[in-house]
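final17.cif follows; it contains mmCIF, C-alpha atoms.
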```cif
data_query
loop_
_atom_site.group_PDB
_atom_site.id
_atom_site.type_symbol
_atom_site.label_atom_id
_atom_site.label_comp_id
_atom_site.auth_asym_id
_atom_site.auth_seq_id
_atom_site.Cartn_x
_atom_site.Cartn_y
_atom_site.Cartn_z
ATOM 1 C CA MET A 276 -91.929 44.793 -40.617
ATOM 2 C CA ASN A 277 -95.712 44.584 -40.143
ATOM 3 C CA ASP A 278 -97.341 45.011 -36.758
ATOM 4 C CA ASP A 279 -97.890 41.287 -36.319
ATOM 5 C CA GLY A 280 -94.251 40.555 -37.080
ATOM 6 C CA SER A 281 -93.058 43.212 -34.633
ATOM 7 C CA ARG A 282 -95.327 41.848 -31.922
ATOM 8 C CA TRP A 283 -94.146 38.261 -32.346
ATOM 9 C CA VAL A 284 -90.476 39.337 -32.353
ATOM 10 C CA ARG A 285 -91.051 41.069 -28.994
ATOM 11 C CA VAL A 286 -92.673 37.907 -27.670
ATOM 12 C CA SER A 287 -89.694 35.823 -28.807
ATOM 13 C CA ARG A 288 -87.290 38.228 -27.073
ATOM 14 C CA GLY A 289 -89.317 37.858 -23.909
ATOM 15 C CA PHE A 290 -89.011 34.064 -24.114
ATOM 16 C CA TYR A 291 -85.232 34.367 -24.548
ATOM 17 C CA LEU A 292 -84.929 36.566 -21.452
ATOM 18 C CA LEU A 293 -87.278 34.401 -19.411
ATOM 19 C CA GLY A 294 -85.595 31.144 -20.373
ATOM 20 C CA ILE A 295 -81.947 32.205 -20.142
ATOM 21 C CA GLY A 296 -82.656 34.036 -16.882
ATOM 22 C CA THR A 297 -84.143 30.833 -15.479
ATOM 23 C CA PHE A 298 -81.020 28.828 -16.355
ATOM 24 C CA LEU A 299 -78.806 31.512 -14.805
ATOM 25 C CA LEU A 300 -80.935 31.358 -11.660
ATOM 26 C CA LEU A 301 -80.588 27.569 -11.513
ATOM 27 C CA THR A 302 -76.815 27.979 -11.821
ATOM 28 C CA THR A 303 -76.555 30.553 -9.034
ATOM 29 C CA GLN A 304 -78.694 28.360 -6.772
ATOM 30 C CA ASN A 305 -76.355 25.394 -7.304
ATOM 31 C CA LEU A 306 -79.057 23.388 -9.058
ATOM 32 C CA LEU A 307 -76.928 23.369 -12.209
ATOM 33 C CA PRO A 308 -73.107 23.208 -12.225
ATOM 34 C CA ALA A 309 -71.178 26.255 -13.386
ATOM 35 C CA MET A 310 -69.681 24.039 -16.109
ATOM 36 C CA PHE A 311 -73.171 23.834 -17.628
ATOM 37 C CA TRP A 312 -72.437 26.972 -19.656
ATOM 38 C CA ALA A 313 -69.177 25.584 -21.036
ATOM 39 C CA ASP A 314 -71.005 22.450 -22.171
ATOM 40 C CA ALA A 315 -73.899 24.489 -23.588
ATOM 41 C CA ALA A 316 -71.529 26.616 -25.688
ATOM 42 C CA ALA A 317 -70.595 23.462 -27.617
ATOM 43 C CA TYR A 318 -73.970 23.852 -29.328
ATOM 44 C CA TRP A 319 -73.308 27.398 -30.579
ATOM 45 C CA PRO A 320 -74.513 26.657 -34.180
ATOM 46 C CA VAL A 321 -78.032 26.521 -32.748
ATOM 47 C CA LEU A 322 -77.809 30.320 -32.360
ATOM 48 C CA LEU A 323 -77.189 30.671 -36.108
ATOM 49 C CA VAL A 324 -80.233 28.513 -36.830
ATOM 50 C CA ALA A 325 -82.326 30.678 -34.458
ATOM 51 C CA ILE A 326 -81.168 33.852 -36.197
ATOM 52 C CA GLY A 327 -82.042 32.289 -39.550
ATOM 53 C CA ILE A 328 -85.525 31.409 -38.307
ATOM 54 C CA ARG A 329 -86.135 35.028 -37.340
ATOM 55 C CA LEU A 330 -84.874 36.384 -40.675
ATOM 56 C CA VAL A 331 -87.079 33.969 -42.617
ATOM 57 C CA PHE A 332 -90.331 34.390 -40.708
ATOM 58 C CA GLU A 333 -90.455 37.865 -39.140
ATOM 59 C CA ARG A 334 -91.648 39.510 -42.374
ATOM 60 C CA GLY A 335 -93.539 36.512 -43.751
ATOM 61 C CA PRO A 336 -97.199 35.575 -43.649
ATOM 62 C CA LEU A 337 -96.666 33.430 -40.523
ATOM 63 C CA PRO A 338 -94.634 35.689 -38.207
ATOM 64 C CA TRP A 339 -95.543 33.641 -35.138
ATOM 65 C CA LEU A 340 -93.050 31.022 -36.384
ATOM 66 C CA VAL A 341 -90.231 33.253 -35.039
ATOM 67 C CA LEU A 342 -91.058 31.550 -31.721
ATOM 68 C CA LEU A 343 -89.307 28.462 -33.082
ATOM 69 C CA GLY A 344 -86.029 30.318 -32.391
ATOM 70 C CA PRO A 345 -86.343 30.526 -28.592
ATOM 71 C CA VAL A 346 -87.929 27.062 -28.500
ATOM 72 C CA LEU A 347 -84.862 25.643 -30.266
ATOM 73 C CA VAL A 348 -82.321 27.530 -28.111
ATOM 74 C CA LEU A 349 -84.034 26.847 -24.793
ATOM 75 C CA GLY A 350 -84.705 23.247 -25.772
ATOM 76 C CA THR A 351 -80.980 22.817 -26.422
ATOM 77 C CA LEU A 352 -80.166 24.260 -22.998
ATOM 78 C CA MET A 353 -82.636 21.842 -21.448
ATOM 79 C CA TYR A 354 -80.972 18.935 -23.257
ATOM 80 C CA VAL A 355 -77.541 19.980 -21.911
ATOM 81 C CA ALA A 356 -78.957 20.332 -18.382
ATOM 82 C CA LEU A 357 -80.389 16.799 -18.545
ATOM 83 C CA HIS A 358 -77.142 15.325 -19.938
ATOM 84 C CA PRO A 359 -74.403 16.862 -17.737
ATOM 85 C CA GLY A 360 -70.741 16.277 -18.477
ATOM 86 C CA GLY A 361 -71.356 15.363 -22.079
ATOM 87 C CA ALA A 362 -68.087 16.987 -23.140
ATOM 88 C CA GLY A 363 -66.004 14.742 -20.874
ATOM 89 C CA THR A 364 -62.238 14.723 -21.067
ATOM 90 C CA GLU A 365 -59.891 13.750 -23.829
ATOM 91 C CA GLY A 366 -56.440 12.482 -24.612
ATOM 92 C CA ASP A 367 -53.941 9.973 -23.278
ATOM 93 C CA TRP A 368 -52.479 10.358 -19.789
ATOM 94 C CA ILE A 369 -48.882 11.516 -19.410
ATOM 95 C CA ALA A 370 -46.945 11.579 -16.134
ATOM 96 C CA LEU A 371 -45.870 14.731 -14.265
ATOM 97 C CA ARG A 372 -43.078 14.979 -11.669
ATOM 98 C CA LEU A 373 -41.938 18.285 -10.164
ATOM 99 C CA ALA A 374 -38.743 18.378 -8.126
ATOM 100 C CA ARG A 375 -38.586 20.023 -4.716
ATOM 101 C CA PRO A 376 -35.779 22.540 -4.132
ATOM 102 C CA ALA A 377 -33.460 21.385 -1.369
ATOM 103 C CA ASP A 378 -34.071 24.512 0.734
ATOM 104 C CA ALA A 379 -37.850 24.785 0.134
ATOM 105 C CA SER A 380 -39.831 25.621 3.277
ATOM 106 C CA ALA A 381 -42.947 26.800 1.384
ATOM 107 C CA TRP A 382 -44.077 27.072 -2.222
ATOM 108 C CA THR A 383 -46.705 28.565 -4.547
ATOM 109 C CA LEU A 384 -49.054 26.779 -6.930
ATOM 110 C CA GLU A 385 -50.195 29.030 -9.772
ATOM 111 C CA GLY A 386 -53.077 27.869 -11.937
ATOM 112 C CA ARG A 387 -53.913 29.547 -15.254
ATOM 113 C CA LEU A 388 -56.580 27.364 -16.804
ATOM 114 C CA ALA A 389 -59.624 27.529 -19.036
ATOM 115 C CA LEU A 390 -61.915 24.759 -20.236
ATOM 116 C CA ALA A 391 -60.188 22.164 -18.070
ATOM 117 C CA SER A 392 -60.429 20.058 -14.916
ATOM 118 C CA LEU A 393 -57.867 20.274 -12.102
ATOM 119 C CA ASP A 394 -57.654 17.958 -9.078
ATOM 120 C CA VAL A 395 -55.063 18.674 -6.365
ATOM 121 C CA GLU A 396 -54.653 16.337 -3.383
ATOM 122 C CA SER A 397 -52.377 16.147 -0.334
ATOM 123 C CA LYS A 398 -50.122 13.104 -0.545
ATOM 124 C CA ARG A 399 -47.066 11.601 1.071
ATOM 125 C CA LEU A 400 -44.343 12.152 -1.493
ATOM 126 C CA PRO A 401 -40.590 11.525 -1.540
ATOM 127 C CA ARG A 402 -38.756 14.486 -0.049
ATOM 128 C CA SER A 403 -37.281 15.212 -3.475
ATOM 129 C CA LEU A 404 -40.715 16.042 -4.959
ATOM 130 C CA LEU A 405 -43.094 18.984 -4.650
ATOM 131 C CA ALA A 406 -45.786 17.351 -6.751
ATOM 132 C CA GLU A 407 -46.434 14.429 -9.016
ATOM 133 C CA GLY A 408 -49.415 13.319 -11.030
ATOM 134 C CA ARG A 409 -50.678 13.070 -14.554
ATOM 135 C CA THR A 410 -52.318 15.140 -17.274
ATOM 136 C CA THR A 411 -54.190 14.363 -20.460
ATOM 137 C CA GLU A 412 -52.582 15.074 -23.800
ATOM 138 C CA ALA A 413 -55.053 17.280 -25.672
ATOM 139 C CA GLY A 414 -53.058 19.286 -28.203
ATOM 140 C CA ARG A 415 -52.835 22.993 -27.510
ATOM 141 C CA HIS A 416 -55.473 22.605 -24.783
ATOM 142 C CA SER A 417 -53.197 20.285 -22.805
ATOM 143 C CA VAL A 418 -52.544 21.193 -19.187
ATOM 144 C CA ARG A 419 -48.831 21.720 -18.518
ATOM 145 C CA ALA A 420 -47.082 21.869 -15.159
ATOM 146 C CA GLU A 421 -43.620 23.323 -14.722
ATOM 147 C CA ALA A 422 -41.401 24.524 -11.897
ATOM 148 C CA ALA A 423 -40.360 28.189 -11.932
ATOM 149 C CA ALA A 424 -37.971 30.304 -9.882
ATOM 150 C CA GLY A 425 -38.813 31.211 -6.295
ATOM 151 C CA GLY A 426 -40.506 27.940 -5.338
ATOM 152 C CA ARG A 427 -43.341 28.378 -7.823
ATOM 153 C CA VAL A 428 -45.148 25.724 -9.810
ATOM 154 C CA ARG A 429 -47.275 26.816 -12.763
ATOM 155 C CA VAL A 430 -50.171 24.735 -14.067
ATOM 156 C CA THR A 431 -51.503 26.232 -17.283
ATOM 157 C CA ASN A 432 -52.934 25.613 -20.718
ATOM 158 C CA SER A 433 -52.763 27.727 -23.844
ATOM 159 C CA VAL A 434 -56.362 28.934 -23.927
ATOM 160 C CA TRP A 435 -56.798 30.576 -20.528
ATOM 161 C CA LYS A 436 -55.795 34.085 -21.707
ATOM 162 C CA ASN A 437 -58.460 34.010 -24.412
ATOM 163 C CA ALA A 438 -61.105 32.032 -22.554
ATOM 164 C CA LEU A 439 -63.876 34.500 -23.384
ATOM 165 C CA PHE A 440 -63.075 34.247 -27.105
ATOM 166 C CA VAL A 441 -62.706 30.477 -27.331
ATOM 167 C CA LEU A 442 -65.884 28.569 -27.915
ATOM 168 C CA PRO A 443 -66.047 25.451 -25.753
ATOM 169 C CA GLY A 444 -67.136 22.394 -27.616
ATOM 170 C CA ARG A 445 -64.251 20.015 -27.312
ATOM 171 C CA ARG A 446 -63.568 17.516 -24.604
ATOM 172 C CA ARG A 447 -61.852 19.111 -21.630
ATOM 173 C CA ALA A 448 -58.248 18.458 -20.712
ATOM 174 C CA ARG A 449 -57.609 17.219 -17.181
ATOM 175 C CA CYS A 450 -54.787 17.409 -14.671
ATOM 176 C CA GLU A 451 -54.414 15.455 -11.418
ATOM 177 C CA LEU A 452 -51.696 16.477 -8.966
ATOM 178 C CA GLY A 453 -50.608 15.038 -5.660
ATOM 179 C CA VAL A 454 -48.775 17.685 -3.616
ATOM 180 C CA ALA A 455 -46.461 17.289 -0.640
ATOM 181 C CA ALA A 456 -48.298 16.999 2.670
ATOM 182 C CA GLY A 457 -47.024 19.231 5.464
ATOM 183 C CA LEU A 458 -45.291 21.783 3.221
ATOM 184 C CA PRO A 459 -47.122 25.179 3.282
ATOM 185 C CA VAL A 460 -48.520 26.300 -0.062
ATOM 186 C CA THR A 461 -49.928 29.546 -1.461
ATOM 187 C CA LEU A 462 -52.603 29.060 -4.122
ATOM 188 C CA ASP A 463 -52.990 31.629 -6.898
ATOM 189 C CA LEU A 464 -55.622 30.487 -9.400
ATOM 190 C CA ASP A 465 -56.966 32.282 -12.473
ATOM 191 C CA LEU A 466 -59.693 30.076 -13.957
ATOM 192 C CA ALA A 467 -62.523 30.068 -16.480
ATOM 193 C CA PHE A 468 -64.993 27.266 -17.267
ATOM 194 C CA THR A 469 -62.902 24.964 -15.065
ATOM 195 C CA ALA A 470 -63.848 22.296 -12.529
ATOM 196 C CA THR A 471 -61.332 22.334 -9.665
ATOM 197 C CA ARG A 472 -61.012 20.135 -6.583
ATOM 198 C CA LEU A 473 -58.465 21.098 -3.916
ATOM 199 C CA ASP A 474 -58.338 18.322 -1.310
ATOM 200 C CA LEU A 475 -55.675 19.678 1.060
ATOM 201 C CA PRO A 476 -56.454 18.766 4.685
ATOM 202 C CA ALA A 477 -52.814 17.733 5.286
ATOM 203 C CA THR A 478 -51.183 20.585 3.338
ATOM 204 C CA PRO A 479 -51.161 23.947 5.159
ATOM 205 C CA VAL A 480 -52.616 26.681 2.930
ATOM 206 C CA SER A 481 -50.904 30.019 3.588
ATOM 207 C CA ARG A 482 -53.194 32.006 1.319
ATOM 208 C CA LEU A 483 -55.690 31.367 -1.446
ATOM 209 C CA SER A 484 -56.590 33.703 -4.304
ATOM 210 C CA ILE A 485 -59.082 32.643 -6.984
ATOM 211 C CA ASP A 486 -60.193 34.836 -9.879
ATOM 212 C CA GLY A 487 -62.419 33.883 -12.784
ATOM 213 C CA ALA A 488 -65.883 33.035 -14.048
ATOM 214 C CA PHE A 489 -68.113 29.997 -14.576
ATOM 215 C CA ASN A 490 -66.022 27.738 -12.361
ATOM 216 C CA ASP A 491 -67.033 24.822 -10.156
ATOM 217 C CA LEU A 492 -64.674 24.767 -7.144
ATOM 218 C CA GLY A 493 -64.379 22.376 -4.232
ATOM 219 C CA LEU A 494 -61.986 23.243 -1.374
ATOM 220 C CA ARG A 495 -61.280 20.775 1.446
ATOM 221 C CA LEU A 496 -58.973 22.467 3.932
ATOM 222 C CA GLY A 497 -57.311 21.578 7.209
ATOM 223 C CA ALA A 498 -57.248 23.445 10.515
ATOM 224 C CA PRO A 499 -54.978 26.503 10.138
ATOM 225 C CA SER A 500 -52.331 27.470 12.705
ATOM 226 C CA THR A 501 -52.855 31.191 11.914
ATOM 227 C CA ASP A 502 -55.585 33.174 10.192
ATOM 228 C CA VAL A 503 -55.631 32.456 6.447
ATOM 229 C CA ARG A 504 -57.017 34.765 3.756
ATOM 230 C CA LEU A 505 -59.247 33.327 1.057
ATOM 231 C CA ASP A 506 -59.880 35.877 -1.712
ATOM 232 C CA LEU A 507 -62.522 34.920 -4.277
ATOM 233 C CA ASP A 508 -63.260 37.298 -7.143
ATOM 234 C CA GLY A 509 -65.322 36.752 -10.266
ATOM 235 C CA ALA A 510 -68.765 35.878 -11.550
ATOM 236 C CA PHE A 511 -71.033 32.841 -11.788
ATOM 237 C CA ASN A 512 -68.762 30.672 -9.669
ATOM 238 C CA GLN A 513 -69.962 27.813 -7.461
ATOM 239 C CA ILE A 514 -67.640 27.229 -4.530
ATOM 240 C CA GLU A 515 -67.891 24.656 -1.741
ATOM 241 C CA ILE A 516 -65.524 24.979 1.225
ATOM 242 C CA GLU A 517 -65.155 22.201 3.797
ATOM 243 C CA VAL A 518 -63.221 22.800 7.026
ATOM 244 C CA PRO A 519 -62.760 20.843 10.269
ATOM 245 C CA ALA A 520 -65.515 21.259 12.852
ATOM 246 C CA GLY A 521 -64.903 24.239 15.109
ATOM 247 C CA THR A 522 -62.745 26.103 12.591
ATOM 248 C CA PRO A 523 -63.972 29.717 12.292
ATOM 249 C CA VAL A 524 -64.815 31.006 8.823
ATOM 250 C CA LYS A 525 -65.478 34.742 8.682
ATOM 251 C CA VAL A 526 -67.082 35.900 5.442
ATOM 252 C CA THR A 527 -67.012 39.401 3.954
ATOM 253 C CA THR A 528 -68.973 39.994 0.756
ATOM 254 C CA ASP A 529 -68.770 42.764 -1.797
ATOM 255 C CA GLY A 530 -70.390 43.128 -5.191
ATOM 256 C CA VAL A 531 -74.004 42.156 -5.858
ATOM 257 C CA LEU A 532 -76.125 39.005 -5.823
ATOM 258 C CA ASN A 533 -73.535 36.863 -4.063
ATOM 259 C CA VAL A 534 -74.898 34.071 -1.863
ATOM 260 C CA VAL A 535 -73.162 32.480 1.133
ATOM 261 C CA ASP A 536 -74.723 29.316 2.549
ATOM 262 C CA ARG A 537 -73.176 27.928 5.705
ATOM 263 C CA GLY A 538 -75.006 24.641 5.247
ATOM 264 C CA ASP A 539 -74.333 22.369 8.212
ATOM 265 C CA ALA A 540 -71.488 24.565 9.480
ATOM 266 C CA ALA A 541 -73.656 26.855 11.592
ATOM 267 C CA GLY A 542 -72.377 25.365 14.822
ATOM 268 C CA GLY A 543 -68.862 24.621 13.622
ATOM 269 C CA ALA A 544 -67.283 26.682 10.883
ATOM 270 C CA ALA A 545 -69.307 29.707 11.810
ATOM 271 C CA GLY A 546 -68.445 29.355 15.445
ATOM 272 C CA GLY A 547 -65.271 28.076 17.051
ATOM 273 C CA ALA A 548 -63.472 29.348 20.100
ATOM 274 C CA ASP A 549 -62.958 33.075 20.378
ATOM 275 C CA GLY A 550 -59.618 34.039 18.925
ATOM 276 C CA ALA A 551 -59.023 30.605 17.366
ATOM 277 C CA PRO A 552 -57.200 30.631 14.009
ATOM 278 C CA GLY A 553 -59.546 30.427 11.071
ATOM 279 C CA TYR A 554 -60.234 31.368 7.499
ATOM 280 C CA ARG A 555 -61.082 34.922 6.426
ATOM 281 C CA LEU A 556 -63.088 34.692 3.224
ATOM 282 C CA THR A 557 -63.519 37.815 1.056
ATOM 283 C CA LEU A 558 -66.060 37.333 -1.740
ATOM 284 C CA ASP A 559 -66.159 39.930 -4.507
ATOM 285 C CA GLY A 560 -67.983 39.937 -7.837
ATOM 286 C CA VAL A 561 -71.489 39.004 -8.967
ATOM 287 C CA PHE A 562 -73.678 35.886 -9.026
ATOM 288 C CA ASN A 563 -71.304 33.769 -6.954
ATOM 289 C CA ARG A 564 -72.499 31.058 -4.587
ATOM 290 C CA VAL A 565 -70.384 29.825 -1.706
ATOM 291 C CA VAL A 566 -71.300 26.902 0.551
ATOM 292 C CA VAL A 567 -69.323 26.470 3.809
ATOM 293 C CA ARG A 568 -69.447 23.072 5.498
ATOM 294 C CA SER A 569 -67.760 21.465 8.471
ATOM 295 C CA ARG A 570 -66.688 17.849 8.879
#
```

Rewrite the structure of this file - the entire thing - as structure tokens.
Amino acid sequence: MNDDGSRWVRVSRGFYLLGIGTFLLLTTQNLLPAMFWADAAAYWPVLLVAIGIRLVFERGPLPWLVLLGPVLVLGTLMYVALHPGGAGTEGDWIALRLARPADASAWTLEGRLALASLDVESKRLPRSLLAEGRTTEAGRHSVRAEAAAGGRVRVTNSVWKNALFVLPGRRRARCELGVAAGLPVTLDLDLAFTATRLDLPATPVSRLSIDGAFNDLGLRLGAPSTDVRLDLDGAFNQIEIEVPAGTPVKVTTDGVLNVVDRGDAAGGAAGGADGAPGYRLTLDGVFNRVVVRSR
């Protein structure tokens, strides 16, 4: 490679770092949704074109044309940012109904999802049901819900174990569940590239554990009767927690470059009466952003 070619390749690398770093910054600052990266990965062939551009021009008479590579990649990311949710959801809706054990006094909802959307909402249900709702039929990506032993309900799809090796690019499957109001639930969620809304002001949450990366999470919780642990672990997650005014939320952070924004909860969720039951949030990982609000 001649000196000019080497110099222009270094410049193109600098543009890649500058541009991708900017999009990561926008994600961590909640200016772009975490699902942006799942949607952007649908355009993975652009990377092959960029590599081809470098191979063609880096040793040629016009080495500065290697800059077309980062222009193409970053232009694609800009297009995705300006057209959010382009992947959408797919498939026909099918009904879900999960029976409630006769002696159930509490239960556990386990989520193992990748490249999906999950909405969970407190509802008045017949006493015979733990949950009911619907899910889209999307082949092997379909979200399935099934009851297991020990008062457990599993919501899963087939790609979550290999989420880092599956290229997004198809329309996301979706699951909507209404869960029994008043019956305590433990939430154990392992997620990747998933948009999740937990609207549970009337369902007591005994404990919440969320692990994963590139997720967009919304949690609307009720006033707890005892202290409740919220364990959040992962990377590049955007999490919004809404609690009743006056409910204490104590936050402990570990890892690096995690951001906690109490928003309008400074006088409510951050405060509360001394010794009042509240939420104890432990945030571990990197590049996570948590917003705590009161209502």

Take the PyMOL selection byres ((chain A and resi 463-475) around 7), run it mentally on this structure, and tell me the resulting residues as a PDB file with C-alpha atoms, in the frame of the given file.
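Everything below was put into out33.pdb:
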```
ATOM      1  CA  MET A 310     -69.681  24.039 -16.109  1.00  0.00           C
ATOM      2  CA  ALA A 313     -69.177  25.584 -21.036  1.00  0.00           C
ATOM      3  CA  LEU A 384     -49.054  26.779  -6.930  1.00  0.00           C
ATOM      4  CA  GLU A 385     -50.195  29.030  -9.772  1.00  0.00           C
ATOM      5  CA  GLY A 386     -53.077  27.869 -11.937  1.00  0.00           C
ATOM      6  CA  ARG A 387     -53.913  29.547 -15.254  1.00  0.00           C
ATOM      7  CA  LEU A 388     -56.580  27.364 -16.804  1.00  0.00           C
ATOM      8  CA  ALA A 389     -59.624  27.529 -19.036  1.00  0.00           C
ATOM      9  CA  LEU A 390     -61.915  24.759 -20.236  1.00  0.00           C
ATOM     10  CA  ALA A 391     -60.188  22.164 -18.070  1.00  0.00           C
ATOM     11  CA  SER A 392     -60.429  20.058 -14.916  1.00  0.00           C
ATOM     12  CA  LEU A 393     -57.867  20.274 -12.102  1.00  0.00           C
ATOM     13  CA  ASP A 394     -57.654  17.958  -9.078  1.00  0.00           C
ATOM     14  CA  VAL A 395     -55.063  18.674  -6.365  1.00  0.00           C
ATOM     15  CA  GLU A 396     -54.653  16.337  -3.383  1.00  0.00           C
ATOM     16  CA  SER A 397     -52.377  16.147  -0.334  1.00  0.00           C
ATOM     17  CA  ALA A 438     -61.105  32.032 -22.554  1.00  0.00           C
ATOM     18  CA  THR A 461     -49.928  29.546  -1.461  1.00  0.00           C
ATOM     19  CA  LEU A 462     -52.603  29.060  -4.122  1.00  0.00           C
ATOM     20  CA  PRO A 476     -56.454  18.766   4.685  1.00  0.00           C
ATOM     21  CA  ALA A 477     -52.814  17.733   5.286  1.00  0.00           C
ATOM     22  CA  THR A 478     -51.183  20.585   3.338  1.00  0.00           C
ATOM     23  CA  LEU A 483     -55.690  31.367  -1.446  1.00  0.00           C
ATOM     24  CA  SER A 484     -56.590  33.703  -4.304  1.00  0.00           C
ATOM     25  CA  ILE A 485     -59.082  32.643  -6.984  1.00  0.00           C
ATOM     26  CA  ASP A 486     -60.193  34.836  -9.879  1.00  0.00           C
ATOM     27  CA  GLY A 487     -62.419  33.883 -12.784  1.00  0.00           C
ATOM     28  CA  ALA A 488     -65.883  33.035 -14.048  1.00  0.00           C
ATOM     29  CA  PHE A 489     -68.113  29.997 -14.576  1.00  0.00           C
ATOM     30  CA  ASN A 490     -66.022  27.738 -12.361  1.00  0.00           C
ATOM     31  CA  ASP A 491     -67.033  24.822 -10.156  1.00  0.00           C
ATOM     32  CA  LEU A 492     -64.674  24.767  -7.144  1.00  0.00           C
ATOM     33  CA  GLY A 493     -64.379  22.376  -4.232  1.00  0.00           C
ATOM     34  CA  LEU A 494     -61.986  23.243  -1.374  1.00  0.00           C
ATOM     35  CA  ARG A 495     -61.280  20.775   1.446  1.00  0.00           C
ATOM     36  CA  LEU A 496     -58.973  22.467   3.932  1.00  0.00           C
ATOM     37  CA  GLY A 497     -57.311  21.578   7.209  1.00  0.00           C
TER      38      GLY A 497
END
```

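Counting from atom CA of Leu292 of chain A, the distance to atom CA of Leu323 of chain A is 17.6 Å.
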
Write out as a PDB file with C-alpha atoms, keeping the file's coordinate frame the residues lying within 12 Å of Leu343 of chain A, counting only C-alpha atoms and excluding same-chain residues fewer than 4 positions away.
```pdb
ATOM      1  CA  TRP A 283     -94.146  38.261 -32.346  1.00  0.00           C
ATOM      2  CA  VAL A 284     -90.476  39.337 -32.353  1.00  0.00           C
ATOM      3  CA  VAL A 286     -92.673  37.907 -27.670  1.00  0.00           C
ATOM      4  CA  SER A 287     -89.694  35.823 -28.807  1.00  0.00           C
ATOM      5  CA  ARG A 288     -87.290  38.228 -27.073  1.00  0.00           C
ATOM      6  CA  PHE A 290     -89.011  34.064 -24.114  1.00  0.00           C
ATOM      7  CA  TYR A 291     -85.232  34.367 -24.548  1.00  0.00           C
ATOM      8  CA  VAL A 321     -78.032  26.521 -32.748  1.00  0.00           C
ATOM      9  CA  LEU A 322     -77.809  30.320 -32.360  1.00  0.00           C
ATOM     10  CA  VAL A 324     -80.233  28.513 -36.830  1.00  0.00           C
ATOM     11  CA  ALA A 325     -82.326  30.678 -34.458  1.00  0.00           C
ATOM     12  CA  ILE A 326     -81.168  33.852 -36.197  1.00  0.00           C
ATOM     13  CA  GLY A 327     -82.042  32.289 -39.550  1.00  0.00           C
ATOM     14  CA  ILE A 328     -85.525  31.409 -38.307  1.00  0.00           C
ATOM     15  CA  ARG A 329     -86.135  35.028 -37.340  1.00  0.00           C
ATOM     16  CA  LEU A 330     -84.874  36.384 -40.675  1.00  0.00           C
ATOM     17  CA  VAL A 331     -87.079  33.969 -42.617  1.00  0.00           C
ATOM     18  CA  PHE A 332     -90.331  34.390 -40.708  1.00  0.00           C
ATOM     19  CA  GLU A 333     -90.455  37.865 -39.140  1.00  0.00           C
ATOM     20  CA  LEU A 337     -96.666  33.430 -40.523  1.00  0.00           C
ATOM     21  CA  PRO A 338     -94.634  35.689 -38.207  1.00  0.00           C
ATOM     22  CA  TRP A 339     -95.543  33.641 -35.138  1.00  0.00           C
ATOM     23  CA  LEU A 347     -84.862  25.643 -30.266  1.00  0.00           C
ATOM     24  CA  VAL A 348     -82.321  27.530 -28.111  1.00  0.00           C
ATOM     25  CA  LEU A 349     -84.034  26.847 -24.793  1.00  0.00           C
ATOM     26  CA  GLY A 350     -84.705  23.247 -25.772  1.00  0.00           C
TER      27      GLY A 350
END
```

Please provide the set of residues having any atom within 12 Å of Thr351 of chain A, restricted to only C-alpha atoms, with same-chain residues fewer than 4 positions apart removed, written as an mmCIF file with C-alpha atoms, in the frame of the given file.
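See part.cif below for the written result:
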```cif
data_model
loop_
_atom_site.group_PDB
_atom_site.id
_atom_site.type_symbol
_atom_site.label_atom_id
_atom_site.label_comp_id
_atom_site.auth_asym_id
_atom_site.auth_seq_id
_atom_site.Cartn_x
_atom_site.Cartn_y
_atom_site.Cartn_z
ATOM 1 C CA GLY A 294 -85.595 31.144 -20.373
ATOM 2 C CA ILE A 295 -81.947 32.205 -20.142
ATOM 3 C CA PHE A 298 -81.020 28.828 -16.355
ATOM 4 C CA PHE A 311 -73.171 23.834 -17.628
ATOM 5 C CA TRP A 312 -72.437 26.972 -19.656
ATOM 6 C CA ASP A 314 -71.005 22.450 -22.171
ATOM 7 C CA ALA A 315 -73.899 24.489 -23.588
ATOM 8 C CA ALA A 316 -71.529 26.616 -25.688
ATOM 9 C CA ALA A 317 -70.595 23.462 -27.617
ATOM 10 C CA TYR A 318 -73.970 23.852 -29.328
ATOM 11 C CA TRP A 319 -73.308 27.398 -30.579
ATOM 12 C CA PRO A 320 -74.513 26.657 -34.180
ATOM 13 C CA VAL A 321 -78.032 26.521 -32.748
ATOM 14 C CA LEU A 322 -77.809 30.320 -32.360
ATOM 15 C CA VAL A 324 -80.233 28.513 -36.830
ATOM 16 C CA ALA A 325 -82.326 30.678 -34.458
ATOM 17 C CA GLY A 344 -86.029 30.318 -32.391
ATOM 18 C CA PRO A 345 -86.343 30.526 -28.592
ATOM 19 C CA VAL A 346 -87.929 27.062 -28.500
ATOM 20 C CA LEU A 347 -84.862 25.643 -30.266
ATOM 21 C CA VAL A 355 -77.541 19.980 -21.911
ATOM 22 C CA ALA A 356 -78.957 20.332 -18.382
ATOM 23 C CA LEU A 357 -80.389 16.799 -18.545
ATOM 24 C CA HIS A 358 -77.142 15.325 -19.938
#
```

Given the PyMOL selection byres ((chain A and resi 372-374) around 10), the residues it picks as number ranges by chain: A: 370-371, 375-377, 401-409, 420-422, 428, 452-454

Compare A:Glu451, A:Pro459, A:Thr522, A:Gly553 by their minimum atom-to-atom distance to Thr501 of chain A, counting only C-alpha atoms, and give me the closest one. A:Gly553

Between atom CA of Ala424 of chain A and atom CA of Val480 of chain A, distance in Å (one decimal): 19.8 Å

Can you spell out as a list of chain:residue names the set of residues that the PyMOL selection byres ((chain A and resi 300) around 12) selects in the structure I just provided? A:Leu292, A:Leu293, A:Gly294, A:Ile295, A:Gly296, A:Thr297, A:Phe298, A:Leu299, A:Leu301, A:Thr302, A:Thr303, A:Gln304, A:Asn305, A:Leu306, A:Leu307, A:Pro308, A:Ala309, A:Phe511, A:Leu532, A:Asn533, A:Val534, A:Phe562, A:Asn563, A:Arg564
